[in-house]
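Worksheet: the structure to be examined is printed underneath.
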Amino acid sequence: MESFVHVELELELEEQSKVEEDASPQSTAAALFRNEGNEEEDDASGEDSGTEHFSVVKPGTQLQRQERHPGVTSGLPDTFQTSHLLFYERFKAYQDYMLGDCKPSEIKPFIADYLRNVVEPCDWQALWSTDVFDVLLEVTDVDFSDLKASVSLVLPLQCETRGCELDEESMKSLLEATRHRVSLLELQVVFEESGTFDMTALAIEHLRFFYKHIWRPWDEEDEDDDFDYFVRCVEPRLRLYYDILEDRVPTGLVSEYQGLLKDCTKCFQQFSVLRSGLSSDSESELDNVSMVEGLELFNQHETLKRKLYIIENPLLRYVLAYKGNSPALCVQSRGKRESGIKMVHVVCASCNPQQLQSLLNDRLLPHCSADDTEIQFHRDPVSAVDSCHEGDMVIVLPGVYRVTSSMFLPDSITVEGFGLPDDVVIEKKNKGDSFVESTGADVRLSNIKFIQHDAIEGILNVRLGALSMENCVLQCNTTGVVLRSSAHLTMNMCDLYGSKGAGVEIYPGSRCKLVGNGIHHCKDGILIKDFAEDVKPAIVMENNVIHNNEGYGVILVKGSSGEERGSGGNRSVQVADIRSSAEESTKETADADQARLGAAPAPEAPPAETDEDGAPSLKMQFCRQLSKSKEATCSRPVEDLMEHEIFTSIHGNQFRRNGGGDWGTFCY
């Protein structure tokens with residue numbers, strides 16, 4: 001009997017010890033990162049969420065070691081490698097654990113609760129890293145509300161300095177001046193193989209990244225505090241950070257964003273200083289002047305915030321993309337040669353006698369019969385274009401020419417392929433802002449296939465002057481043809497496909513003539529930006545076939561009317577997806593291969609409800625237009641669009657199987 005009771009007591013003690021182990025900080029932190037309710041699905045699918053591998057406590061660390069100086073002996077210990085987390089890992093941490101659905105005024109309490117559940121409260125070592133020194137400290141306590149740690153100096157002193165010398169006494173004096181309290185943002189957790197401090201290292205990394213790249217000093221002062229901070233601010237800023245990191249944003253736009261962010265921060269600091277010096281009950285002249293200055297700073301700050309929001313928001317960045325500077329604008333026109341000689345540049349890797357004979361008879365002899373023309377041979381089209389002066393011609397023989405740099409066309413030249421487009425291929429392999437940049441007064445391209453890889457601004461960017469393109473194939477990988485303000489583009493009998501943005505993007509003040517082209521398998525077929533009140537694009541669309549695009553065949557971006565803005569308020573987003581009942585009833589027939597001439601902007605509709613994430617004041621309206629042959633009520637919008645002032649001629653176009661509809665209007 002005694003032995004039986006003894007065994008039961010031992011079993012109870014073992015179960016109690018297991019419960020106590022499960023209640024340890026490591027298990028609590030691990031449970032925090034567990035995706036409850038989806039364990040079975042995750043095991044079945046085998047997918048990794050980025051932090052899911054911490055959901056079960058395993059012996060040993062799950063993070064990598066970050067060597068301070070690889071290959072060099074250092075007096076300081078290594079730290080955890082946490083700076084190379086993926087987008088979805090940070091996204092999940094902020095959305096599920098750190099911020100959730102908090103409002104701007106609740107950011108600090110939410111972060112404090114998150115850290116309290118994850119970070120070890122004491123007895124761990126970290127490097128205090130500043131611009132001047134790195135020193136090893138022992139963490140004795142953590143103030144989660146103030147985001148600071150109480151620390152003590154590890155003796156003997158282990159320190160690395162940059163541009164100064166520090167001894168033990170100097171460091172002790174420095175810690176006494178800070179009351180032995182150091183910001184968590186300046187701490188890097190020392191690497192430990194047991195895995196005990198993995199969660200602590202990750203949490204401090206998420207905290208440091210948030211305050212460095214996501215948080216803005218003015219976020220908590222937003223008058224409209226009743227919105228989801230993660231949805232409005234964290235997600236778009238996080239996506240923009242990784243888009244920039246992965247070279248998906250033009251360098252000009254990155255520079256513009258960084259400049260705006262710097263100006264906005266400076267303006268907010270000036271406004272805060274001025275506001276703190278004002279007295280609420282003072283009526284002095286000096287305070288009145290300060291209030292006027294403060295109002296000007298406030299308005300300036302709000303303007304900068306709106307510009308930042310447009311760049312941070314992926315949709316607005318797409319439809320309202322900037323007019324930035326480009327390296328092409330720095331390439332000056334060479335003009336005519338002083339000697340007056342015109343050059344014919346022949347590009348060929350190799351050719352057979354038949355090709356050479358045909359080239360002489362068909363192209364070279366007709367152009368080189370005069371004494372003022374010479375011939376040069378090149379192995380790649382980039383070197384040929386770079387050697388051109390005004391009036392030169394580049395003839396590209398059949399072959400696949402793989403280039404690694406952009407092609408800049410600052411002069412009026414002609415570039416033509418000697419053969420069919422599928423036989424004359426120019427392929428750009430590496431990343432870059434653009435593939436072909438044209439600023440020449442009269443540039444002509446013909447009979448060439450362009451293949452784009454990882455360009456950001458477009459396979460062809462017409463910034464200035466005029467470009468005429470005939471019988472070309474444009475195989476896009478990221479974005480398509482971009483026609484900037486004041487530039488002219490003529491596309492005749494070309495085939496464009498594969499763009500992850502718009503196939504053709506038309507800015508206000510430009511002139512675009514599209515005749516007999518195929519534009520297909522893009523996000524949107526043609527994007528027309530008509531948001532400038534005093535400057536309109538002029539467009540000719542004749543006999544084009546626009547089909548199989550993910551979004552709209554043609555989408556028009558325009559500013560909403562004053563009444564629409566007034567009904568939307570100062571800080572609201574209204575989204576209306578306007579579809580007639582006839583469209584709903586004939587949705588299954590919208591793919592039909594009928595010839596469609598056009599569609600009008602969406603008819604006026606009552607204001608929709610304010611979006612729950614409360615973004616800045618923009619009204620977005622989309623409309624879909626069916627064929628006249630499908631619904632008689634569509635004839636009036638079609639006629640209205642044909643009379644729209646941006647179209648000087650529009651007829652004979654065909655639209656087929658565009659996912660969002662043939663014509664759409666985006667009002668902001």
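Just remember, in the structure tokens the first chain shown is A, the second B, etc., residues are 1-based per chain, and ligands are 1-based in the order shown.
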
Filtered DSSP result for region 94-239 of chain A, state alpha helix (DSSP H), as an MDAnalysis selection string:
chainID A and resid 107:118 168:177 198:209 229 235:239

Contacts of region 156-159 of chain A at 7 Å or less, counting only C-alpha atoms, minus same-chain residues fewer than 4 places along, as a list in words?
Gly75, Leu76, Asp134, Val135, Leu136 and Glu168 of chain A

Report as a list of chain:residue names all protein, DNA and RNA residues lying within 7 Å of Cys476 (chain A), evaluated on only C-alpha atoms, omitting residues in the same chain fewer than 6 positions from it.
A:Ile451, A:Gln452, A:Ile459, A:Tyr497, A:Gly498, A:Ser499

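Proximity ranking of A:Asp96, A:Asp141, A:Asp219, A:Glu542 relative to Leu184 (chain A) places A:Asp141 first, based on only C-alpha atoms.
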
Counting only C-alpha atoms, which residue out of A:Leu304, A:Val331, A:Val118, A:Ala177 sits closest to Leu202 (chain A)?
A:Val118

Within 12 Å of region 427-445 of chain A: each region 487-569 of chain A residue with its shortest pair, only C-alpha atoms, as a Markdown table:
| residue | atom | partner | partner_atom | distance |
| --- | --- | --- | --- | --- |
| A:Ala487 | CA | A:Thr439 | CA | 8.3 |
| A:His488 | CA | A:Ala441 | CA | 9.2 |
| A:Leu489 | CA | A:Val443 | CA | 9.7 |
| A:Thr490 | CA | A:Arg444 | CA | 9.4 |
| A:Met491 | CA | A:Leu445 | CA | 9.6 |
| A:Asn492 | CA | A:Leu445 | CA | 10.5 |
| A:Met493 | CA | A:Leu445 | CA | 12.0 |
| A:Cys494 | CA | A:Leu445 | CA | 10.7 |

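Checking A:Ile506, A:Val515, A:Leu315, A:Leu261 one by one against Trp218 (chain A), counting only C-alpha atoms, you find the shortest gap at A:Leu261.
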
Proximity to Ala93 (chain A) - best of A:Ala349, A:Met199, A:Leu409, A:Leu175, only C-alpha atoms
A:Met199

Return as a PyMOL selection string the full set of residues in region 78-278 of chain A whose backbone-based DSSP assignment is strand (DSSP E or B).
chain A and resi 79-81+124-129+133-143+148-153+159-161+181-183+187-190

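For Val382 (chain A), the non-local neighbours within 7 Å, defined as residues at least 3 positions apart in the same chain or in other chains and counting only C-alpha atoms, are Val385, Asp386 and Met407 of chain A.
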
Within 12 Å of Tyr211 (chain A), counting only C-alpha atoms, which residues qualify if same-chain residues fewer than 4 places away don't, as a PyMOL selection string?
chain A and resi 107-108+111+147+183-186+204-207+215-217+219+234+237-238

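Shortest separation to Ile528 (chain A) among A:Lys558, A:Lys266, A:Lys513, A:Lys305 occurs at residue A:Lys558, atoms counted being only C-alpha atoms.
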
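Using only C-alpha atoms, the nearest neighbour of Asn544 (chain A) within the list A:Arg463, A:Ala112, A:Gly652, A:Asp530 is A:Gly652.
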
Extract, using only C-alpha atoms, all DNA, RNA and protein residues at most 12 Å from Thr82 (chain A), discarding same-chain residues fewer than 4 positions from it, and format them as an mmCIF file with C-alpha atoms, in the first residue's frame.
data_model
loop_
_atom_site.group_PDB
_atom_site.id
_atom_site.type_symbol
_atom_site.label_atom_id
_atom_site.label_comp_id
_atom_site.auth_asym_id
_atom_site.auth_seq_id
_atom_site.Cartn_x
_atom_site.Cartn_y
_atom_site.Cartn_z
ATOM 1 C CA GLN A 62 16.362 28.543 -34.117
ATOM 2 C CA LEU A 63 18.215 31.707 -35.184
ATOM 3 C CA GLN A 64 21.543 32.187 -36.917
ATOM 4 C CA ARG A 65 24.690 33.606 -35.404
ATOM 5 C CA GLN A 66 25.742 37.091 -36.537
ATOM 6 C CA GLU A 67 29.521 37.280 -36.505
ATOM 7 C CA LEU A 86 11.279 38.391 -44.765
ATOM 8 C CA GLU A 89 7.640 37.348 -41.031
ATOM 9 C CA ARG A 90 7.510 40.999 -40.011
ATOM 10 C CA GLN A 188 21.570 43.617 -29.512
ATOM 11 C CA VAL A 189 21.043 40.324 -27.706
ATOM 12 C CA VAL A 190 24.175 38.215 -27.332
ATOM 13 C CA PHE A 191 23.988 34.889 -29.171
ATOM 14 C CA ASP A 198 15.495 33.641 -29.342
ATOM 15 C CA MET A 199 12.173 35.353 -28.658
ATOM 16 C CA THR A 200 13.869 38.210 -26.859
ATOM 17 C CA ALA A 201 16.174 38.832 -29.829
ATOM 18 C CA LEU A 202 13.277 38.678 -32.304
ATOM 19 C CA ALA A 203 11.055 40.977 -30.264
ATOM 20 C CA ILE A 204 13.765 43.629 -29.932
ATOM 21 C CA GLU A 205 14.434 43.390 -33.677
ATOM 22 C CA HIS A 206 10.732 43.927 -34.457
ATOM 23 C CA LEU A 207 10.697 46.859 -32.037
ATOM 24 C CA ARG A 208 13.827 48.417 -33.548
ATOM 25 C CA PHE A 209 12.585 47.989 -37.120
#
